[in-house]
file structure28.cif (mmCIF, C-alpha atoms)
data_input
loop_
_atom_site.group_PDB
_atom_site.id
_atom_site.type_symbol
_atom_site.label_atom_id
_atom_site.label_comp_id
_atom_site.auth_asym_id
_atom_site.auth_seq_id
_atom_site.Cartn_x
_atom_site.Cartn_y
_atom_site.Cartn_z
ATOM 1 C CA MET A 1 34.150 -34.840 45.920
ATOM 2 C CA LYS A 2 31.910 -34.862 42.851
ATOM 3 C CA SER A 3 30.672 -31.394 41.953
ATOM 4 C CA ILE A 4 26.978 -30.474 41.855
ATOM 5 C CA TYR A 5 25.838 -27.809 39.412
ATOM 6 C CA PRO A 6 22.849 -25.526 40.084
ATOM 7 C CA ARG A 7 20.290 -24.900 37.349
ATOM 8 C CA ALA A 8 20.860 -21.730 35.355
ATOM 9 C CA LEU A 9 18.518 -18.821 36.026
ATOM 10 C CA LYS A 10 15.753 -17.872 33.593
ATOM 11 C CA PRO A 11 13.273 -14.948 33.451
ATOM 12 C CA GLY A 12 10.259 -15.737 35.597
ATOM 13 C CA ASP A 13 12.300 -17.705 38.126
ATOM 14 C CA THR A 14 12.055 -16.981 41.843
ATOM 15 C CA ILE A 15 15.014 -15.537 43.725
ATOM 16 C CA ALA A 16 15.064 -15.824 47.519
ATOM 17 C CA LEU A 17 16.607 -12.974 49.500
ATOM 18 C CA VAL A 18 17.953 -14.016 52.898
ATOM 19 C CA ALA A 19 20.062 -12.314 55.571
ATOM 20 C CA PRO A 20 22.431 -14.904 57.089
ATOM 21 C CA ALA A 21 25.017 -12.347 58.234
ATOM 22 C CA GLY A 22 24.681 -8.683 59.244
ATOM 23 C CA PRO A 23 21.557 -6.463 59.307
ATOM 24 C CA VAL A 24 20.585 -4.834 56.022
ATOM 25 C CA ILE A 25 19.804 -1.322 54.836
ATOM 26 C CA ARG A 26 16.098 -1.302 53.964
ATOM 27 C CA GLU A 27 16.266 1.307 51.199
ATOM 28 C CA ARG A 28 18.945 -0.565 49.288
ATOM 29 C CA ILE A 29 17.207 -3.923 49.592
ATOM 30 C CA GLU A 30 13.904 -2.461 48.433
ATOM 31 C CA LEU A 31 15.669 -0.954 45.429
ATOM 32 C CA ALA A 32 17.370 -4.273 44.696
ATOM 33 C CA ILE A 33 14.018 -6.076 44.805
ATOM 34 C CA THR A 34 12.542 -3.526 42.390
ATOM 35 C CA ARG A 35 15.439 -3.979 39.977
ATOM 36 C CA LEU A 36 15.218 -7.763 40.107
ATOM 37 C CA GLU A 37 11.498 -7.613 39.439
ATOM 38 C CA GLU A 38 12.181 -5.287 36.493
ATOM 39 C CA ARG A 39 14.317 -8.097 35.062
ATOM 40 C CA ASP A 40 11.256 -10.350 35.253
ATOM 41 C CA PHE A 41 12.272 -12.305 38.341
ATOM 42 C CA ARG A 42 10.013 -13.040 41.288
ATOM 43 C CA VAL A 43 11.505 -12.225 44.685
ATOM 44 C CA LYS A 44 10.697 -14.092 47.880
ATOM 45 C CA VAL A 45 11.701 -13.311 51.454
ATOM 46 C CA TYR A 46 11.235 -15.250 54.675
ATOM 47 C CA GLY A 47 10.247 -13.573 57.928
ATOM 48 C CA ASP A 48 11.480 -10.038 58.599
ATOM 49 C CA LEU A 49 14.432 -9.382 56.319
ATOM 50 C CA TYR A 50 15.006 -5.999 57.998
ATOM 51 C CA ARG A 51 15.342 -7.053 61.618
ATOM 52 C CA SER A 52 18.551 -6.756 63.594
ATOM 53 C CA HIS A 53 20.017 -8.546 66.578
ATOM 54 C CA GLY A 54 23.013 -6.442 67.570
ATOM 55 C CA TYR A 55 25.485 -6.742 64.688
ATOM 56 C CA LEU A 56 23.558 -9.719 63.310
ATOM 57 C CA ALA A 57 20.450 -9.933 61.133
ATOM 58 C CA GLY A 58 18.756 -12.147 63.713
ATOM 59 C CA ASP A 59 19.739 -14.835 66.164
ATOM 60 C CA ASP A 60 21.518 -17.923 64.881
ATOM 61 C CA ALA A 61 18.461 -20.181 64.814
ATOM 62 C CA THR A 62 16.389 -17.664 62.854
ATOM 63 C CA ARG A 63 19.076 -16.973 60.274
ATOM 64 C CA VAL A 64 19.652 -20.699 59.738
ATOM 65 C CA SER A 65 15.920 -21.431 59.539
ATOM 66 C CA GLU A 66 15.355 -18.869 56.810
ATOM 67 C CA LEU A 67 18.360 -19.970 54.777
ATOM 68 C CA MET A 68 17.265 -23.604 54.965
ATOM 69 C CA GLN A 69 13.700 -22.650 54.037
ATOM 70 C CA ALA A 70 15.081 -21.022 50.904
ATOM 71 C CA PHE A 71 17.065 -24.118 49.935
ATOM 72 C CA ALA A 72 14.120 -26.436 50.592
ATOM 73 C CA ASP A 73 11.615 -24.235 48.741
ATOM 74 C CA GLN A 74 10.839 -25.859 45.387
ATOM 75 C CA GLU A 75 9.750 -22.507 43.930
ATOM 76 C CA VAL A 76 13.187 -20.963 44.467
ATOM 77 C CA ALA A 77 15.839 -21.149 41.737
ATOM 78 C CA ALA A 78 18.484 -18.891 43.297
ATOM 79 C CA ILE A 79 19.423 -17.569 46.722
ATOM 80 C CA PHE A 80 20.930 -14.088 47.041
ATOM 81 C CA PRO A 81 22.210 -13.314 50.560
ATOM 82 C CA ALA A 82 21.322 -9.656 51.050
ATOM 83 C CA ARG A 83 24.768 -8.697 52.329
ATOM 84 C CA GLY A 84 27.850 -9.931 54.178
ATOM 85 C CA GLY A 85 29.006 -8.298 57.376
ATOM 86 C CA THR A 86 29.603 -10.776 60.157
ATOM 87 C CA GLY A 87 28.088 -13.759 61.919
ATOM 88 C CA VAL A 88 28.237 -16.466 59.273
ATOM 89 C CA THR A 89 30.876 -18.580 61.010
ATOM 90 C CA ARG A 90 28.478 -18.932 63.979
ATOM 91 C CA ILE A 91 26.018 -20.948 61.893
ATOM 92 C CA LEU A 92 28.175 -23.222 59.719
ATOM 93 C CA ASP A 93 27.821 -26.219 62.010
ATOM 94 C CA ILE A 94 24.020 -25.973 62.213
ATOM 95 C CA LEU A 95 23.236 -25.742 58.516
ATOM 96 C CA ASP A 96 21.586 -28.840 57.027
ATOM 97 C CA TYR A 97 23.960 -29.787 54.225
ATOM 98 C CA GLU A 98 21.826 -32.748 53.176
ATOM 99 C CA VAL A 99 18.983 -30.343 52.354
ATOM 100 C CA ILE A 100 21.428 -28.217 50.354
ATOM 101 C CA ARG A 101 22.759 -31.283 48.519
ATOM 102 C CA ARG A 102 19.265 -32.435 47.588
ATOM 103 C CA ASN A 103 18.147 -28.961 46.487
ATOM 104 C CA PRO A 104 21.031 -27.377 44.551
ATOM 105 C CA LYS A 105 20.407 -23.725 43.709
ATOM 106 C CA ILE A 106 22.429 -20.762 42.559
ATOM 107 C CA PHE A 107 23.972 -19.242 45.683
ATOM 108 C CA THR A 108 25.766 -15.894 45.491
ATOM 109 C CA GLY A 109 27.546 -13.325 47.644
ATOM 110 C CA PHE A 110 30.948 -12.257 48.940
ATOM 111 C CA SER A 111 32.717 -10.954 52.047
ATOM 112 C CA ASP A 112 31.416 -12.845 55.115
ATOM 113 C CA ILE A 113 29.477 -15.130 52.749
ATOM 114 C CA THR A 114 32.871 -16.618 51.803
ATOM 115 C CA ALA A 115 32.509 -18.925 54.809
ATOM 116 C CA ILE A 116 29.207 -20.312 53.489
ATOM 117 C CA HIS A 117 30.735 -20.796 50.034
ATOM 118 C CA ALA A 118 33.561 -22.786 51.593
ATOM 119 C CA ALA A 119 31.256 -24.817 53.824
ATOM 120 C CA ILE A 120 28.771 -25.645 51.064
ATOM 121 C CA TYR A 121 31.452 -26.840 48.670
ATOM 122 C CA SER A 122 33.345 -28.833 51.300
ATOM 123 C CA GLN A 123 30.181 -30.591 52.494
ATOM 124 C CA THR A 124 28.186 -30.966 49.258
ATOM 125 C CA GLY A 125 30.281 -30.137 46.191
ATOM 126 C CA LEU A 126 27.763 -27.491 45.069
ATOM 127 C CA ILE A 127 29.204 -24.810 42.781
ATOM 128 C CA THR A 128 28.531 -21.313 44.183
ATOM 129 C CA PHE A 129 29.282 -17.793 42.994
ATOM 130 C CA HIS A 130 31.524 -15.168 44.578
ATOM 131 C CA SER A 131 29.594 -12.141 43.408
ATOM 132 C CA PRO A 132 27.999 -8.787 44.208
ATOM 133 C CA ASN A 133 25.067 -8.837 46.620
ATOM 134 C CA PRO A 134 21.750 -6.954 46.721
ATOM 135 C CA GLN A 135 22.732 -4.356 49.330
ATOM 136 C CA ASP A 136 26.203 -3.401 48.106
ATOM 137 C CA GLY A 137 25.648 -4.023 44.424
ATOM 138 C CA ILE A 138 22.219 -4.371 42.848
ATOM 139 C CA GLY A 139 20.616 -2.026 45.387
ATOM 140 C CA MET A 140 23.220 0.730 45.268
ATOM 141 C CA PRO A 141 21.896 4.062 43.919
ATOM 142 C CA ASP A 142 23.763 3.592 40.635
ATOM 143 C CA GLY A 143 23.283 -0.185 40.613
ATOM 144 C CA LEU A 144 25.991 -2.574 39.509
ATOM 145 C CA SER A 145 28.966 -1.226 37.622
ATOM 146 C CA GLU A 146 29.133 -2.247 33.976
ATOM 147 C CA LEU A 147 31.841 -4.809 34.740
ATOM 148 C CA SER A 148 29.966 -6.239 37.726
ATOM 149 C CA ASP A 149 26.705 -6.443 35.776
ATOM 150 C CA ARG A 150 28.387 -8.049 32.752
ATOM 151 C CA THR A 151 30.160 -10.790 34.713
ATOM 152 C CA PHE A 152 27.304 -11.485 37.165
ATOM 153 C CA TRP A 153 24.569 -12.225 34.659
ATOM 154 C CA ARG A 154 27.026 -13.959 32.302
ATOM 155 C CA ALA A 155 27.724 -16.494 35.027
ATOM 156 C CA ILE A 156 24.191 -17.391 36.118
ATOM 157 C CA LEU A 157 21.707 -16.749 33.272
ATOM 158 C CA ALA A 158 20.674 -19.645 31.040
ATOM 159 C CA GLU A 159 20.687 -17.399 27.968
ATOM 160 C CA SER A 160 24.439 -16.902 28.435
ATOM 161 C CA TYR A 161 24.979 -20.549 27.533
ATOM 162 C CA ALA A 162 22.684 -20.723 24.508
ATOM 163 C CA LYS A 163 25.426 -20.638 21.882
ATOM 164 C CA PRO A 164 27.668 -23.640 21.129
ATOM 165 C CA GLN A 165 30.956 -23.611 23.061
ATOM 166 C CA SER A 166 29.600 -20.956 25.424
ATOM 167 C CA SER A 167 29.762 -23.109 28.547
ATOM 168 C CA CYS A 168 33.554 -22.718 28.769
ATOM 169 C CA TYR A 169 34.293 -19.011 28.712
ATOM 170 C CA GLU A 170 36.884 -16.468 29.720
ATOM 171 C CA ILE A 171 35.811 -14.136 32.534
ATOM 172 C CA PRO A 172 34.748 -11.223 30.313
ATOM 173 C CA LEU A 173 37.149 -8.365 30.974
ATOM 174 C CA THR A 174 37.821 -5.673 28.394
ATOM 175 C CA ALA A 175 41.305 -4.839 27.131
ATOM 176 C CA SER A 176 41.364 -1.649 29.192
ATOM 177 C CA GLU A 177 40.256 -3.555 32.313
ATOM 178 C CA LYS A 178 43.055 -6.071 31.786
ATOM 179 C CA GLU A 179 45.579 -3.225 31.672
ATOM 180 C CA ASN A 180 44.986 -2.741 35.412
ATOM 181 C CA LEU A 181 45.956 -6.342 36.186
ATOM 182 C CA ILE A 182 49.537 -7.092 37.228
ATOM 183 C CA THR A 183 51.342 -10.308 36.381
ATOM 184 C CA LEU A 184 53.435 -11.333 39.378
ATOM 185 C CA ASN A 185 54.570 -14.578 37.770
ATOM 186 C CA PRO A 186 53.598 -15.632 34.233
ATOM 187 C CA GLY A 187 52.519 -19.081 33.162
ATOM 188 C CA LEU A 188 49.539 -21.389 32.810
ATOM 189 C CA ALA A 189 47.770 -23.147 35.678
ATOM 190 C CA GLN A 190 44.689 -25.322 35.935
ATOM 191 C CA GLY A 191 42.668 -26.351 38.951
ATOM 192 C CA ARG A 192 39.490 -25.647 40.841
ATOM 193 C CA LEU A 193 38.917 -22.011 41.755
ATOM 194 C CA VAL A 194 38.678 -21.621 45.535
ATOM 195 C CA GLY A 195 38.842 -18.841 48.110
ATOM 196 C CA GLY A 196 37.233 -15.442 48.597
ATOM 197 C CA ASN A 197 37.667 -13.057 51.507
ATOM 198 C CA LEU A 198 41.053 -13.658 53.132
ATOM 199 C CA ALA A 199 39.859 -13.108 56.712
ATOM 200 C CA LEU A 200 37.066 -15.665 56.253
ATOM 201 C CA VAL A 201 39.245 -18.173 54.410
ATOM 202 C CA SER A 202 41.601 -17.937 57.375
ATOM 203 C CA SER A 203 38.783 -18.188 59.932
ATOM 204 C CA VAL A 204 37.607 -21.610 58.747
ATOM 205 C CA LEU A 205 41.053 -23.229 58.766
ATOM 206 C CA GLY A 206 41.142 -26.197 61.108
ATOM 207 C CA THR A 207 37.406 -26.813 60.721
ATOM 208 C CA PRO A 208 35.503 -29.261 58.513
ATOM 209 C CA TYR A 209 34.735 -26.299 56.225
ATOM 210 C CA GLU A 210 38.259 -25.210 55.291
ATOM 211 C CA ILE A 211 39.129 -24.828 51.614
ATOM 212 C CA ASP A 212 41.160 -27.423 49.745
ATOM 213 C CA THR A 213 44.008 -25.672 47.930
ATOM 214 C CA SER A 214 45.906 -28.752 46.737
ATOM 215 C CA GLY A 215 46.376 -28.384 42.987
ATOM 216 C CA ASN A 216 43.864 -25.558 42.930
ATOM 217 C CA ILE A 217 43.851 -21.852 42.097
ATOM 218 C CA LEU A 218 43.385 -19.578 45.105
ATOM 219 C CA PHE A 219 41.572 -16.241 44.875
ATOM 220 C CA LEU A 220 41.899 -13.785 47.774
ATOM 221 C CA GLU A 221 40.519 -10.301 48.549
ATOM 222 C CA ASP A 222 39.824 -8.214 51.652
ATOM 223 C CA ILE A 223 38.820 -4.828 53.041
ATOM 224 C CA GLY A 224 39.707 -2.651 56.009
ATOM 225 C CA GLU A 225 42.491 -4.837 57.375
ATOM 226 C CA HIS A 226 45.792 -3.304 58.503
ATOM 227 C CA PRO A 227 48.822 -4.796 56.731
ATOM 228 C CA TYR A 228 49.921 -6.625 59.880
ATOM 229 C CA ARG A 229 46.587 -8.443 59.889
ATOM 230 C CA ILE A 230 46.942 -9.396 56.219
ATOM 231 C CA ASP A 231 50.399 -10.691 57.186
ATOM 232 C CA ARG A 232 48.877 -12.719 60.019
ATOM 233 C CA PHE A 233 46.170 -14.249 57.820
ATOM 234 C CA LEU A 234 48.691 -15.240 55.142
ATOM 235 C CA SER A 235 51.010 -16.667 57.783
ATOM 236 C CA GLN A 236 48.162 -18.848 59.000
ATOM 237 C CA LEU A 237 47.540 -20.087 55.459
ATOM 238 C CA ARG A 238 51.236 -20.841 55.003
ATOM 239 C CA LEU A 239 51.557 -22.645 58.338
ATOM 240 C CA ALA A 240 48.462 -24.694 57.520
ATOM 241 C CA GLY A 241 50.139 -25.883 54.328
ATOM 242 C CA LYS A 242 47.671 -24.119 52.040
ATOM 243 C CA LEU A 243 50.143 -22.094 49.947
ATOM 244 C CA ASP A 244 52.891 -24.482 48.859
ATOM 245 C CA VAL A 245 50.389 -26.851 47.193
ATOM 246 C CA LEU A 246 48.713 -24.213 44.998
ATOM 247 C CA SER A 247 48.710 -24.428 41.218
ATOM 248 C CA GLY A 248 47.950 -20.716 40.788
ATOM 249 C CA LEU A 249 47.126 -17.508 42.657
ATOM 250 C CA ILE A 250 44.802 -14.575 41.970
ATOM 251 C CA LEU A 251 44.906 -11.531 44.249
ATOM 252 C CA GLY A 252 41.789 -9.408 43.993
ATOM 253 C CA GLN A 253 41.005 -6.040 45.550
ATOM 254 C CA PHE A 254 42.507 -5.239 48.951
ATOM 255 C CA THR A 255 40.458 -2.151 49.704
ATOM 256 C CA ASP A 256 41.480 0.231 52.507
ATOM 257 C CA CYS A 257 44.277 -2.084 53.604
ATOM 258 C CA ASP A 258 47.065 0.492 53.419
ATOM 259 C CA PRO A 259 49.337 1.272 56.379
ATOM 260 C CA ALA A 260 48.044 3.788 58.910
ATOM 261 C CA PRO A 261 49.661 7.222 58.475
ATOM 262 C CA GLY A 262 52.668 7.828 60.695
ATOM 263 C CA LYS A 263 53.006 4.222 61.860
ATOM 264 C CA PRO A 264 55.826 1.903 60.796
ATOM 265 C CA SER A 265 54.526 -0.837 58.551
ATOM 266 C CA LEU A 266 55.290 -3.154 55.701
ATOM 267 C CA SER A 267 53.406 -2.375 52.509
ATOM 268 C CA LEU A 268 50.979 -4.879 51.024
ATOM 269 C CA ASP A 269 53.376 -5.444 48.135
ATOM 270 C CA GLU A 270 56.171 -6.284 50.573
ATOM 271 C CA ILE A 271 53.889 -8.717 52.411
ATOM 272 C CA PHE A 272 52.743 -10.354 49.191
ATOM 273 C CA ASP A 273 56.364 -10.672 48.094
ATOM 274 C CA ASP A 274 57.312 -12.341 51.385
ATOM 275 C CA TYR A 275 54.652 -15.025 51.000
ATOM 276 C CA PHE A 276 54.352 -15.532 47.247
ATOM 277 C CA SER A 277 57.627 -14.631 45.515
ATOM 278 C CA GLU A 278 59.151 -18.074 46.035
ATOM 279 C CA LEU A 279 56.065 -19.932 44.846
ATOM 280 C CA ASP A 280 56.843 -21.041 41.315
ATOM 281 C CA ILE A 281 53.261 -20.781 40.101
ATOM 282 C CA PRO A 282 51.323 -18.391 37.847
ATOM 283 C CA GLN A 283 50.226 -15.341 39.835
ATOM 284 C CA LEU A 284 47.971 -12.437 38.930
ATOM 285 C CA LYS A 285 47.344 -9.348 41.052
ATOM 286 C CA ASN A 286 44.710 -6.582 41.151
ATOM 287 C CA PHE A 287 41.936 -8.714 39.706
ATOM 288 C CA PRO A 288 38.702 -6.647 39.756
ATOM 289 C CA SER A 289 36.819 -8.694 42.314
ATOM 290 C CA GLY A 290 36.141 -7.959 45.969
ATOM 291 C CA HIS A 291 35.106 -4.918 47.966
ATOM 292 C CA SER A 292 35.057 -2.423 45.117
ATOM 293 C CA SER A 293 32.529 -1.032 42.680
ATOM 294 C CA ASP A 294 33.924 -3.441 40.094
ATOM 295 C CA ASN A 295 33.275 -6.874 41.570
ATOM 296 C CA ALA A 296 33.619 -9.553 38.921
ATOM 297 C CA THR A 297 31.635 -12.726 39.567
ATOM 298 C CA LEU A 298 33.754 -15.867 40.012
ATOM 299 C CA PRO A 299 32.207 -19.356 40.067
ATOM 300 C CA LEU A 300 33.789 -21.234 42.974
ATOM 301 C CA GLY A 301 34.568 -24.927 42.713
ATOM 302 C CA VAL A 302 34.771 -25.037 38.911
ATOM 303 C CA GLU A 303 37.797 -26.113 36.916
ATOM 304 C CA VAL A 304 39.533 -23.057 35.474
ATOM 305 C CA GLU A 305 42.679 -22.124 33.612
ATOM 306 C CA LEU A 306 44.736 -19.124 34.678
ATOM 307 C CA ASP A 307 47.028 -17.556 32.095
ATOM 308 C CA ALA A 308 48.828 -15.020 34.252
ATOM 309 C CA GLY A 309 50.961 -13.666 31.426
ATOM 310 C CA GLU A 310 47.976 -12.980 29.190
ATOM 311 C CA LYS A 311 45.848 -11.925 32.192
ATOM 312 C CA LYS A 312 43.111 -14.422 31.374
ATOM 313 C CA LEU A 313 40.924 -16.577 33.621
ATOM 314 C CA THR A 314 38.949 -19.173 31.665
ATOM 315 C CA LEU A 315 36.301 -21.597 32.886
ATOM 316 C CA LEU A 316 36.979 -25.133 31.665
ATOM 317 C CA GLU A 317 33.501 -26.349 32.552
ATOM 318 C CA CYS A 318 30.013 -24.928 32.764
ATOM 319 C CA PRO A 319 29.218 -23.708 36.303
ATOM 320 C CA VAL A 320 25.480 -24.317 35.866
ATOM 321 C CA ARG A 321 23.277 -26.979 34.340
ATOM 322 C CA LEU A 322 20.782 -26.167 31.654
ATOM 323 C CA GLY A 323 17.190 -27.380 31.455
ATOM 324 C CA LYS A 324 15.273 -28.655 34.456
#
call {"tool": "encode", "arguments": {"input": "structure28.cif", "output": "structure tokens"}}
result
Amino acid sequence: MKSIYPRALKPGDTIALVAPAGPVIRERIELAITRLEERDFRVKVYGDLYRSHGYLAGDDATRVSELMQAFADQEVAAIFPARGGTGVTRILDILDYEVIRRNPKIFTGFSDITAIHAAIYSQTGLITFHSPNPQDGIGMPDGLSELSDRTFWRAILAESYAKPQSSCYEIPLTASEKENLITLNPGLAQGRLVGGNLALVSSVLGTPYEIDTSGNILFLEDIGEHPYRIDRFLSQLRLAGKLDVLSGLILGQFTDCDPAPGKPSLSLDEIFDDYFSELDIPQLKNFPSGHSSDNATLPLGVEVELDAGEKKLTLLECPVRLGK
């Protein structure tokens, strides 16, 4: 499928905040709106952003309606889902992908939003951004971490691409940040960057919205899953033929996924070794992206190069278009 590139964001642009997953925390969203406005962006919401419907931020029809309004709105340049949570897989088959295709915009988020990233790319080819969100990033009391802030705005702001040769760039990690990365298997790999939250990547397998891993570089992260569940998700990926066709692998943050005290368990490293050690591809572990204060923004669907030995991830194409 031919890729579609959203227009880069500029000061004065309008950002839509929507809640397609779980209910939000008002105080954090209000703080996020204030901080976005301080950066000279306009912020637009649809309906009652703060409502709840059980563990959802509204019934399915309402959440879809507001998301589609944001895509169709000609004033809106970017859409920031307020948070992840749960409920996104319920709405994938009732989104209007033709509206999304005709109105490409920057679309961000992580966690449950992984399913929308996968669905949008599979149905339209639109490049999206695995990134911090308003509630758990921009609207946190201390705001985005320095790493999160640096990589987020680097990916989506037009001014980031003003200099010659700036459209192809290495994800900007410092030398000390790279020291925390672990090379599981060195080497160079190229391909489209796909993936996100492991549980959600697994949940869309067997649907029209599943990710294409053939010749691509897979990024995975997760939170709050017992090791046996990580094992189960990876087994599903392997049985679906998604692992043996990879060109490269990036493991992000697996937060609070350690074995429960006093219960027999495999460690995450043992599980990763079981599934990945025989894959003769470049592999990098502990990448600072996922459910952690450091949540590096990764453009999904773009061609990238992974140098696992040098701990570098480089975009080979611009994830946004400049101008109108």
call {"tool": "resolve_selection", "arguments": {"input": "structure28.cif", "expression": "the PyMOL selection byres ((chain A and resi 119-123) around 8)", "output": "PyMOL selection string"}}
result
chain A and resi 92+97+100+115-118+124-128+208-211+301
call {"tool": "residues_around", "arguments": {"input": "structure28.cif", "residues": "Pro141 of chain A", "least_positions_apart": "6", "cutoff": "10 Å", "atoms": "all atoms listed in the file", "output": "number ranges by chain"}}
result
A: 27-28, 31-32
call {"tool": "resolve_selection", "arguments": {"input": "structure28.cif", "expression": "the PyMOL selection byres ((chain A and resi 91) around 10)", "output": "number ranges by chain"}}
result
A: 20-21, 59-61, 63-64, 87-90, 92-95, 115-116
call {"tool": "resolve_selection", "arguments": {"input": "structure28.cif", "expression": "the PyMOL selection byres ((chain A and resi 298) around 7)", "output": "ChimeraX atom specification"}}
result
/A:129-131,296-297,299-300
call {"tool": "closest_residue", "arguments": {"input": "structure28.cif", "among": "A:Glu30, A:Asp294, A:Asp307, A:Asp13", "to": "Leu147 of chain A", "atoms": "only C-alpha atoms"}}
result
A:Asp294
call {"tool": "residues_around", "arguments": {"input": "structure28.cif", "residues": "Gly290 of chain A", "least_positions_apart": "2", "cutoff": "6 Å", "atoms": "only C-alpha atoms", "output": "PyMOL selection string"}}
result
chain A and resi 221+253+292+295
call {"tool": "closest_residue", "arguments": {"input": "structure28.cif", "among": "A:Gly195, A:Pro6, A:Gly187, A:Gly22", "to": "Pro104 of chain A", "atoms": "all atoms listed in the file"}}
result
A:Pro6
call {"tool": "residues_around", "arguments": {"input": "structure28.cif", "residues": "Leu173 of chain A", "least_positions_apart": "6", "cutoff": "12 Å", "atoms": "only C-alpha atoms", "output": "MDAnalysis selection string"}}
result
chainID A and resid 146:151 154 179:181 287:289 294:297 310:314
call {"tool": "closest_residue", "arguments": {"input": "structure28.cif", "among": "A:Arg229, A:Lys242, A:Arg51, A:Lys163", "to": "Leu279 of chain A", "atoms": "all atoms listed in the file"}}
result
A:Lys242
call {"tool": "axis_aligned_box", "arguments": {"input": "structure28.cif", "around": "segment 274-281 of chain A", "padding_each_side": "5 Å", "output": "AutoDock Vina command-line options"}}
result
--center_x 56.2 --center_y -16.7 --center_z 45.7 --size_x 15.9 --size_y 18.7 --size_z 21.3
call {"tool": "closest_residue", "arguments": {"input": "structure28.cif", "among": "A:Leu218, A:Ala70, A:Met140, A:Ala19", "to": "Ala82 of chain A", "atoms": "only C-alpha atoms"}}
result
A:Ala19
call {"tool": "closest_residue", "arguments": {"input": "structure28.cif", "among": "A:Thr183, A:Ser111, A:Ser235, A:Ser247", "to": "Asp212 of chain A", "atoms": "all atoms listed in the file"}}
result
A:Ser247
call {"tool": "atom_distance", "arguments": {"input": "structure28.cif", "atom1": "atom CA of Gln236 of chain A", "atom2": "atom CA of Asp258 of chain A"}}
result
20.2 Å
call {"tool": "closest_residue", "arguments": {"input": "structure28.cif", "among": "A:Leu237, A:Lys263, A:Leu246, A:Gln135", "to": "Ser202 of chain A", "atoms": "only C-alpha atoms"}}
result
A:Leu237
call {"tool": "decode", "arguments": {"input": "structure28.cif", "residues": "segment 211-244 of chain A", "atoms": "C-alpha atoms", "output": "CSV table (one decimal), in the first residue's frame"}}
result
chain,number,residue,atom,x,y,z
A,211,ILE,CA,0.1,-5.6,11.2
A,212,ASP,CA,2.2,-6.7,8.3
A,213,THR,CA,5.6,-7.8,9.6
A,214,SER,CA,7.1,-9.2,6.4
A,215,GLY,CA,10.4,-7.6,5.8
A,216,ASN,CA,9.6,-5.0,8.5
A,217,ILE,CA,11.0,-4.0,11.9
A,218,LEU,CA,8.8,-4.8,14.8
A,219,PHE,CA,8.6,-2.7,17.9
A,220,LEU,CA,6.9,-4.1,21.0
A,221,GLU,CA,6.2,-2.8,24.6
A,222,ASP,CA,3.7,-3.6,27.3
A,223,ILE,CA,2.7,-2.9,30.9
A,224,GLY,CA,1.2,-4.9,33.8
A,225,GLU,CA,1.2,-8.3,32.1
A,226,HIS,CA,2.4,-11.4,34.0
A,227,PRO,CA,5.2,-13.2,32.1
A,228,TYR,CA,3.0,-16.1,31.2
A,229,ARG,CA,0.7,-13.6,29.3
A,230,ILE,CA,3.7,-12.1,27.5
A,231,ASP,CA,4.6,-15.7,26.6
A,232,ARG,CA,1.1,-16.2,25.3
A,233,PHE,CA,1.1,-13.1,23.2
A,234,LEU,CA,4.4,-13.9,21.6
A,235,SER,CA,3.3,-17.5,21.0
A,236,GLN,CA,0.3,-16.1,19.1
A,237,LEU,CA,2.6,-13.9,17.0
A,238,ARG,CA,4.9,-16.8,16.2
A,239,LEU,CA,2.0,-19.2,15.3
A,240,ALA,CA,0.5,-16.5,13.1
A,241,GLY,CA,3.8,-16.4,11.2
A,242,LYS,CA,4.6,-12.8,12.2
A,243,LEU,CA,8.1,-13.4,13.7
A,244,ASP,CA,10.0,-15.5,11.2
